[in-house]
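Following: one structure in structure tokens, then a few remarks.
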Amino acid sequence: MTKSDSIIKISKLNKWYGKFHALKDIDLSVGRTEKIVICGPSGSGKSTLIRCINRLEVHQEGSIQVDGIELTDDIKQITEIRSDVGMVFQHFNLFPHLTVLENCSLAPIWVRKKSKVEAEEMAMQLLEKVRIPDQADKYPGQLSGGQQQRVAIARALCMQPRIMLFDEPTSALDPEMIKEVLETMIELADSGMTMIVVTHEMGFANRVADRIIFMDEGQIVEQNDPESFFKNPESDRTKLFLSQILDH
Amino acid sequence: MTMNTVKFEKLPDRLPPVNTVGWVAWVKQNLFGSVSNTIITLLFFYLIFLYIPPFLEWSVFNANISGSDRSICDENRSGACWTFIKVRMEQLLFGLYFAQNPDQMWRPIMAFIVFGGLLTPLAIDRTPYKKWLLLILLVAYPIFFISLVGGGVFGIPKSDASEWGGLLLTFTLAFVGIVLALPLGILLALGRRSKMPVVRSFSIIYIEFWRGTPLITILFMASVMLPLFFPSGVEFDKVVRAMIGITLFQSAYTAEAVRGGLQALDKGQTEASMALGMGYWQQTIFIILPQALRISIPSIVNTFIALFKDTSLVSIIGLLDLLKIAQNSSRSLDWNGYDIEAYMFAGLVFWIFCFGMSIYSQKLERKLDTDRNVE
Ligand SMILES: Nc1ncnc2c1ncn2[C@@H]1O[C@H](COP(=O)(O)OP(=O)(O)O)[C@@H](O)[C@H]1O
Ligand SMILES: [Mg+2]
């Protein structure tokens, strides 16, 4: 990965919640089509970091550039970045009053200004990709957790994003549903999407990640390719963390 | 030790046990299940026995309805005097103007029939184009109503709103209050949660001011003070003043009801719509309000019901709403002494409207729930 080809550039990022220093001097660039997995103990700032990328959280110091656009208070730029960056949440956050198809076509129609027909056609294609086209007319409440999360992925993809952010997409799922969601994500990764994934699914990380980032106390403790990360973790923090999540 | 694998055998699905308990057993179990239960049941039946038969005797079996003056009622004082209500029905329903101009009475009657015609299909599940129907009811109907009942256009004789009365006035005030206060209330509720300090402070001050002031005071202020705010040439009809007062008051309550719904919404809904690049109004219109309003239907309808009943306060600024006309009639020389009948009739009409609203809101809630298949 060369620096000039990076799609996300974060430098000297600092973020506070009130007086609490949640992110400290984060430097990170992400290359086009690169897949990054972020792990670390609960409260280490993983969600905060990726939520800063699409401005769900506002940072106080440092800079974030997404596809050449600097994140500022400018609403137009924020909207532009948000429609280019898809996000998948731990608790799906589907719109319960809209059908699966409406969930997927709403933003393309109103944000991307597509025609209804066009938006629904694309939604159906993507629902097929995540293997639930037959649920298009149902409401989210009628689907299983795994199906809901796949709809959420399809919904984000309908905006044709260049980057996808995942915040612990499988941690709210029953064990037998984790696999179907991870498979969808692996397919997405294989299709060349740039992805930043916060997860503790180390099998997935090993299979998909170009780079694994370990965070603790609002800092990036170390980052490496999966092989070195698992075999020769540099920091004792990382070792401790890995022993905790890999043991059982 | 050897490990034995046991083959898993699926048990056949069975239906749940049928409840074979007959009604005798049901009564025994539910009405006389315990000592306290038995006492309550007996007491309840005793009270029914004590009060219902005499009431029926007075209101139905011995009641007077024939004739057109008080002589019949005065001869038979053991029954209610519905003759009074019958004779004064036009006044009670439509007020003095229409009672004195019977040839014009078709106007309010038609207005009510059209209202019913628009409302009934809304209450039926399978009606198509409900959204449009609702829009017609909220936008086109008020215009139709004003032109038809108010007159002065298309060669229809003018009827001054200050001469409306009875149910017609009660209905008009409540309908206007509800239709105008809903959008205002929604905007205020959104404003109260706005990130812009000016908008937020304005909403809070507005809501708390009107909520903290009794409607009677507001009606007084509207009738006495409103003219002071406008150039002396502008003459406000008394009814219009009442409408303005009621709308200002009602919007504060509607706002609080809507805010309850907004607060109950999960933060994830906003975040998901922001992450999709939606702007504030897109989020609000497509994601937030549909859900928040659904949650707050019961409390919104509650404020509607309260308003419908509160409209009777307009009598203190000299308007003759249903309750006031009923009261006045029972104090007229012709019918002096028959107050109970007057109040019962007014009460019944109020009850029909309020109960109707309550039933409709429950139905709407259930429907929206089953639509989405949530418990
Ligand atoms: N909205 C918030 N207000 C205050 N503190 C917050 C908020 N969100 C997160 N935090 C705090 O910031 C830290 C990092 O949170 P988060 O990024 O969610 O961690 P992670 O996703 O790694 O579990 C935690 O200590 C958390 O309590
Ligand atoms: Mg988190």
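Every chain in the structure tokens takes a letter, A first, then B, and so on in the order presented; its residues are numbered from 1, and the ligands are numbered from 1 following the presented order.
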
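Near range 172-177 of chain A, within a cut-off of 8 Å and counting only C-alpha atoms, sit the residues Gln90, His91, Gly145, Gly146, Pro169, Glu180 and Val181 of chain A, with same-chain residues fewer than 3 positions away left out.
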
Q | Within 6 Å of chain B: residues of chain A, using only C-alpha atoms, as a PyMOL selection string | A | chain A and resi 79+82-83+93+139

(Q) Just want the 8 Å neighbourhood of Gly86 in chain A, counted on only C-alpha atoms, with same-chain residues fewer than 4 positions away dropped. Output as a list in words. (A) Arg82, Ala156, Leu157, Met159, Pro161, Arg162, Ile163, Met164 and Leu165 of chain A; Ala275 and Leu276 of chain B

Extract, using only C-alpha atoms, all DNA, RNA and protein residues at most 9 Å from range 154-161 of chain B, discarding same-chain residues fewer than 4 positions from it, and format them as a PDB file with C-alpha atoms, in the first residue's frame.
ATOM      1  CA  TYR B  97     -78.836  30.865  13.598  1.00  0.00           C
ATOM      2  CA  PHE B  98     -79.733  27.544  12.049  1.00  0.00           C
ATOM      3  CA  GLN B 104     -80.565  26.633   5.995  1.00  0.00           C
ATOM      4  CA  SER B 147     -67.690  27.794   2.793  1.00  0.00           C
ATOM      5  CA  LEU B 148     -70.736  25.631   3.371  1.00  0.00           C
ATOM      6  CA  VAL B 149     -71.566  26.412   6.989  1.00  0.00           C
ATOM      7  CA  GLY B 150     -70.184  29.947   7.029  1.00  0.00           C
ATOM      8  CA  GLY B 165     -73.696  27.196  18.568  1.00  0.00           C
ATOM      9  CA  LEU B 169     -69.651  25.101  17.549  1.00  0.00           C
ATOM     10  CA  ASP B 237     -64.779  37.411  15.348  1.00  0.00           C
ATOM     11  CA  LYS B 238     -65.258  35.992  18.832  1.00  0.00           C
ATOM     12  CA  VAL B 239     -65.134  32.461  17.486  1.00  0.00           C
ATOM     13  CA  VAL B 240     -61.885  33.135  15.667  1.00  0.00           C
TER      14      VAL B 240
END

Q | Environment of ligand 1 within 6 Å, counting only C-alpha atoms and all ligand atoms, reported as number ranges by chain | A | A: 17, 22, 42-48

Go ahead and write the residues just picked, C-alpha atoms, as an mmCIF file, in the first residue's frame.
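Saved to selection-v5.cif:
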data_model
loop_
_atom_site.group_PDB
_atom_site.id
_atom_site.type_symbol
_atom_site.label_atom_id
_atom_site.label_comp_id
_atom_site.auth_asym_id
_atom_site.auth_seq_id
_atom_site.Cartn_x
_atom_site.Cartn_y
_atom_site.Cartn_z
ATOM 1 C CA TYR A 17 -16.274 12.983 25.678
ATOM 2 C CA ALA A 22 -11.416 8.784 24.402
ATOM 3 C CA SER A 42 -14.365 -3.053 25.598
ATOM 4 C CA GLY A 43 -14.181 0.715 26.076
ATOM 5 C CA SER A 44 -10.883 1.030 24.239
ATOM 6 C CA GLY A 45 -12.320 3.458 21.695
ATOM 7 C CA LYS A 46 -12.922 1.191 18.681
ATOM 8 C CA SER A 47 -16.472 2.372 18.058
ATOM 9 C CA THR A 48 -15.516 5.962 18.688
#

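Distances from B:Ala306, B:Trp132, B:Leu313, B:Leu122 to Ile218 in chain B were compared using only C-alpha atoms, and the smallest one belongs to B:Leu313.
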
Q: Pick out the residues sitting within 10 Å of Leu71 in chain A, and hand them over as a list in words; count only C-alpha atoms, and ignore anything fewer than 4 positions along from it in its own chain.
A: Cys52, Ile53, Asn54, Arg55, Val58, His59, Ser63, Ile64, Gln65, Val66, Ile75, Gln77, Ile78 and Ile81 of chain A

Q. Can you list, as number ranges by chain, every protein, DNA or RNA residue that comes within 8 Å of Gly166 in chain B when you count only C-alpha atoms, leaving out same-chain residues fewer than 6 positions away?
A. B: 91-95, 320-326

Q. Which parts of range 115-214 of chain A does DSSP call strand (DSSP E or B) when run on the backbone here, written out as a ChimeraX atom specification?
A. /A:163-167,194-198,211-214

Print the selection's residues with N, CA and C atoms to a file, as a PDB file, in the first residue's frame.
ATOM      1  N   ILE A 163     -16.493   2.784   0.942  1.00  0.00           N
ATOM      2  CA  ILE A 163     -15.899   2.255   2.168  1.00  0.00           C
ATOM      3  C   ILE A 163     -17.027   1.682   3.015  1.00  0.00           C
ATOM      4  N   MET A 164     -16.777   0.556   3.684  1.00  0.00           N
ATOM      5  CA  MET A 164     -17.784   0.028   4.602  1.00  0.00           C
ATOM      6  C   MET A 164     -17.190  -0.080   6.005  1.00  0.00           C
ATOM      7  N   LEU A 165     -17.940   0.449   6.977  1.00  0.00           N
ATOM      8  CA  LEU A 165     -17.531   0.353   8.373  1.00  0.00           C
ATOM      9  C   LEU A 165     -18.456  -0.646   9.069  1.00  0.00           C
ATOM     10  N   PHE A 166     -17.869  -1.521   9.857  1.00  0.00           N
ATOM     11  CA  PHE A 166     -18.673  -2.490  10.620  1.00  0.00           C
ATOM     12  C   PHE A 166     -18.335  -2.351  12.099  1.00  0.00           C
ATOM     13  N   ASP A 167     -19.331  -2.121  12.922  1.00  0.00           N
ATOM     14  CA  ASP A 167     -19.082  -2.025  14.363  1.00  0.00           C
ATOM     15  C   ASP A 167     -19.646  -3.258  15.062  1.00  0.00           C
ATOM     16  N   THR A 194     -13.374  -1.657   0.295  1.00  0.00           N
ATOM     17  CA  THR A 194     -12.539  -1.186   1.402  1.00  0.00           C
ATOM     18  C   THR A 194     -13.348  -1.366   2.686  1.00  0.00           C
ATOM     19  N   MET A 195     -12.784  -2.034   3.673  1.00  0.00           N
ATOM     20  CA  MET A 195     -13.564  -2.339   4.867  1.00  0.00           C
ATOM     21  C   MET A 195     -12.780  -2.071   6.139  1.00  0.00           C
ATOM     22  N   ILE A 196     -13.463  -1.468   7.116  1.00  0.00           N
ATOM     23  CA  ILE A 196     -12.899  -1.389   8.465  1.00  0.00           C
ATOM     24  C   ILE A 196     -13.883  -2.101   9.375  1.00  0.00           C
ATOM     25  N   VAL A 197     -13.418  -3.148  10.012  1.00  0.00           N
ATOM     26  CA  VAL A 197     -14.323  -4.000  10.768  1.00  0.00           C
ATOM     27  C   VAL A 197     -13.872  -4.083  12.217  1.00  0.00           C
ATOM     28  N   VAL A 198     -14.712  -3.646  13.123  1.00  0.00           N
ATOM     29  CA  VAL A 198     -14.452  -3.873  14.543  1.00  0.00           C
ATOM     30  C   VAL A 198     -15.084  -5.213  14.882  1.00  0.00           C
ATOM     31  N   ARG A 211      -4.691  -6.103   7.584  1.00  0.00           N
ATOM     32  CA  ARG A 211      -3.993  -5.530   8.722  1.00  0.00           C
ATOM     33  C   ARG A 211      -4.909  -5.651   9.931  1.00  0.00           C
ATOM     34  N   ILE A 212      -4.356  -6.006  11.067  1.00  0.00           N
ATOM     35  CA  ILE A 212      -5.148  -6.027  12.293  1.00  0.00           C
ATOM     36  C   ILE A 212      -4.610  -4.935  13.207  1.00  0.00           C
ATOM     37  N   ILE A 213      -5.542  -4.156  13.754  1.00  0.00           N
ATOM     38  CA  ILE A 213      -5.140  -3.066  14.643  1.00  0.00           C
ATOM     39  C   ILE A 213      -5.623  -3.409  16.038  1.00  0.00           C
ATOM     40  N   PHE A 214      -4.735  -3.302  16.997  1.00  0.00           N
ATOM     41  CA  PHE A 214      -5.138  -3.545  18.376  1.00  0.00           C
ATOM     42  C   PHE A 214      -5.177  -2.215  19.118  1.00  0.00           C
TER      43      PHE A 214
END

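Taking CA of Leu133 in chain B as the reference point, CA of Leu118 in chain B is found at 6.9 Å.
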
Q) So which residues of range 208-373 of chain B fall under helix (DSSP H, G or I) by DSSP, listed as a PyMOL selection string? A) chain B and resi 208-211+215-224+226-229+238-264+267-275+280-317+322-331+339-372

What does the file look like for those residues with C-alpha atoms, as a CSV table (one decimal), in the first residue's frame?
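Ended up saving to again_39.csv:
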chain,number,residue,atom,x,y,z
B,208,GLU,CA,-44.2,25.8,29.4
B,209,PHE,CA,-46.0,29.2,29.1
B,210,TRP,CA,-49.1,27.8,27.5
B,211,ARG,CA,-49.1,24.6,29.5
B,215,LEU,CA,-57.5,27.5,29.2
B,216,ILE,CA,-60.0,29.8,30.8
B,217,THR,CA,-57.4,32.5,31.3
B,218,ILE,CA,-56.2,32.0,27.7
B,219,LEU,CA,-59.7,32.4,26.4
B,220,PHE,CA,-60.2,35.6,28.4
B,221,MET,CA,-56.9,36.9,27.1
B,222,ALA,CA,-57.8,35.9,23.6
B,223,SER,CA,-61.0,37.7,23.7
B,224,VAL,CA,-59.8,40.8,25.6
B,226,LEU,CA,-55.9,39.8,21.1
B,227,PRO,CA,-57.4,42.9,19.5
B,228,LEU,CA,-54.7,45.0,21.3
B,229,PHE,CA,-52.0,43.3,19.2
B,238,LYS,CA,-65.3,36.0,18.8
B,239,VAL,CA,-65.1,32.5,17.5
B,240,VAL,CA,-61.9,33.1,15.7
B,241,ARG,CA,-60.4,34.5,18.9
B,242,ALA,CA,-61.4,31.4,20.7
B,243,MET,CA,-59.9,29.2,17.9
B,244,ILE,CA,-56.6,31.1,18.2
B,245,GLY,CA,-56.6,30.7,22.0
B,246,ILE,CA,-57.5,27.0,21.8
B,247,THR,CA,-54.8,26.3,19.1
B,248,LEU,CA,-52.1,28.1,21.1
B,249,PHE,CA,-53.0,26.1,24.2
B,250,GLN,CA,-53.5,22.8,22.5
B,251,SER,CA,-50.3,22.9,20.5
B,252,ALA,CA,-48.3,23.0,23.8
B,253,TYR,CA,-50.0,19.8,24.9
B,254,THR,CA,-49.7,18.1,21.6
B,255,ALA,CA,-46.0,19.0,21.6
B,256,GLU,CA,-45.5,17.3,24.9
B,257,ALA,CA,-47.3,14.2,23.7
B,258,VAL,CA,-45.2,14.0,20.6
B,259,ARG,CA,-42.0,14.6,22.6
B,260,GLY,CA,-42.8,11.5,24.6
B,261,GLY,CA,-42.7,9.5,21.4
B,262,LEU,CA,-39.5,11.2,20.2
B,263,GLN,CA,-37.8,10.3,23.5
B,264,ALA,CA,-38.9,6.7,23.3
B,267,LYS,CA,-30.8,6.6,19.1
B,268,GLY,CA,-29.8,4.0,16.6
B,269,GLN,CA,-32.6,5.1,14.3
B,270,THR,CA,-31.1,8.6,13.9
B,271,GLU,CA,-27.6,7.2,13.6
B,272,ALA,CA,-28.5,4.7,10.9
B,273,SER,CA,-30.3,7.4,8.9
B,274,MET,CA,-27.4,9.8,9.4
B,275,ALA,CA,-24.9,7.1,8.3
B,280,TYR,CA,-32.3,16.5,9.2
B,281,TRP,CA,-35.6,16.8,7.5
B,282,GLN,CA,-35.3,13.5,5.6
B,283,GLN,CA,-34.5,11.8,8.9
B,284,THR,CA,-37.3,13.5,10.6
B,285,ILE,CA,-40.0,12.9,8.0
B,286,PHE,CA,-39.1,9.4,6.9
B,287,ILE,CA,-37.6,7.8,10.0
B,288,ILE,CA,-38.3,9.7,13.2
B,289,LEU,CA,-41.8,11.1,13.0
B,290,PRO,CA,-43.6,8.0,11.6
B,291,GLN,CA,-42.2,6.0,14.6
B,292,ALA,CA,-42.6,8.7,17.2
B,293,LEU,CA,-46.1,9.6,16.2
B,294,ARG,CA,-47.1,5.9,16.3
B,295,ILE,CA,-45.7,5.6,19.8
B,296,SER,CA,-47.5,8.8,21.0
B,297,ILE,CA,-50.9,8.1,19.4
B,298,PRO,CA,-52.5,7.2,22.8
B,299,SER,CA,-51.2,10.4,24.4
B,300,ILE,CA,-52.0,12.6,21.4
B,301,VAL,CA,-55.6,11.2,21.3
B,302,ASN,CA,-55.8,11.8,25.0
B,303,THR,CA,-55.0,15.5,24.5
B,304,PHE,CA,-57.7,15.5,21.7
B,305,ILE,CA,-60.3,14.1,24.0
B,306,ALA,CA,-59.4,16.6,26.8
B,307,LEU,CA,-59.6,19.4,24.3
B,308,PHE,CA,-63.0,18.3,23.0
B,309,LYS,CA,-64.4,18.5,26.5
B,310,ASP,CA,-62.5,21.7,27.3
B,311,THR,CA,-64.1,23.6,24.5
B,312,SER,CA,-67.1,24.0,26.8
B,313,LEU,CA,-65.1,26.7,28.5
B,314,VAL,CA,-65.8,29.0,25.7
B,315,SER,CA,-69.1,29.8,27.3
B,316,ILE,CA,-67.3,32.2,29.6
B,317,ILE,CA,-66.5,34.5,26.6
B,322,LEU,CA,-73.4,22.5,23.3
B,323,LEU,CA,-73.2,22.5,27.1
B,324,LYS,CA,-74.1,26.2,27.4
B,325,ILE,CA,-77.0,25.9,25.0
B,326,ALA,CA,-78.3,22.9,26.9
B,327,GLN,CA,-78.0,24.8,30.2
B,328,ASN,CA,-79.6,27.9,28.8
B,329,SER,CA,-82.5,25.9,27.4
B,330,SER,CA,-83.2,24.2,30.7
B,331,ARG,CA,-83.3,27.7,32.3
B,339,ASP,CA,-81.8,20.5,33.7
B,340,ILE,CA,-81.1,16.8,34.2
B,341,GLU,CA,-82.3,16.0,30.8
B,342,ALA,CA,-80.3,18.8,29.3
B,343,TYR,CA,-77.1,17.8,31.0
B,344,MET,CA,-77.6,14.1,30.2
B,345,PHE,CA,-78.1,14.8,26.6
B,346,ALA,CA,-75.0,17.1,26.4
B,347,GLY,CA,-73.0,14.5,28.4
B,348,LEU,CA,-74.1,11.7,26.0
B,349,VAL,CA,-73.1,13.7,22.9
B,350,PHE,CA,-69.7,14.5,24.5
B,351,TRP,CA,-69.3,10.9,25.4
B,352,ILE,CA,-70.1,9.6,22.0
B,353,PHE,CA,-67.4,11.8,20.4
B,354,CYS,CA,-64.7,11.1,23.0
B,355,PHE,CA,-65.4,7.4,23.1
B,356,GLY,CA,-65.3,7.3,19.3
B,357,MET,CA,-61.8,8.9,19.4
B,358,SER,CA,-60.7,6.5,22.0
B,359,ILE,CA,-61.9,3.4,20.1
B,360,TYR,CA,-60.4,4.7,16.9
B,361,SER,CA,-57.0,5.3,18.5
B,362,GLN,CA,-57.0,1.8,20.0
B,363,LYS,CA,-57.8,0.3,16.7
B,364,LEU,CA,-55.1,2.3,14.9
B,365,GLU,CA,-52.6,1.2,17.5
B,366,ARG,CA,-53.5,-2.4,17.1
B,367,LYS,CA,-53.4,-2.2,13.3
B,368,LEU,CA,-50.0,-0.5,13.2
B,369,ASP,CA,-48.7,-3.2,15.6
B,370,THR,CA,-50.1,-6.2,13.6
B,371,ASP,CA,-48.9,-4.6,10.3
B,372,ARG,CA,-45.3,-4.9,11.6

Q) Near Val208 in chain A, within 10 Å and counting only C-alpha atoms, which residues show up once chain neighbours fewer than 3 positions away are dropped, as number ranges by chain? A) A: 34-37, 185-187, 189-190, 195, 202-205, 211-212, 226

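When only C-alpha atoms are used to compute distances to Phe95 in chain A, the closest of the residues A:Thr199, A:Ser171, A:Gln148, A:Ser6 turns out to be A:Gln148.
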
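Proximity to ligand 2 was assessed for A:Ser235, A:Thr170, A:Asn14, A:Thr33 counting only C-alpha atoms and all ligand atoms; the smallest distance is recorded for A:Thr170.
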
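Across the structure, CA of Ser11 in chain A and CA of Leu49 in chain A are spaced 11.9 Å apart.
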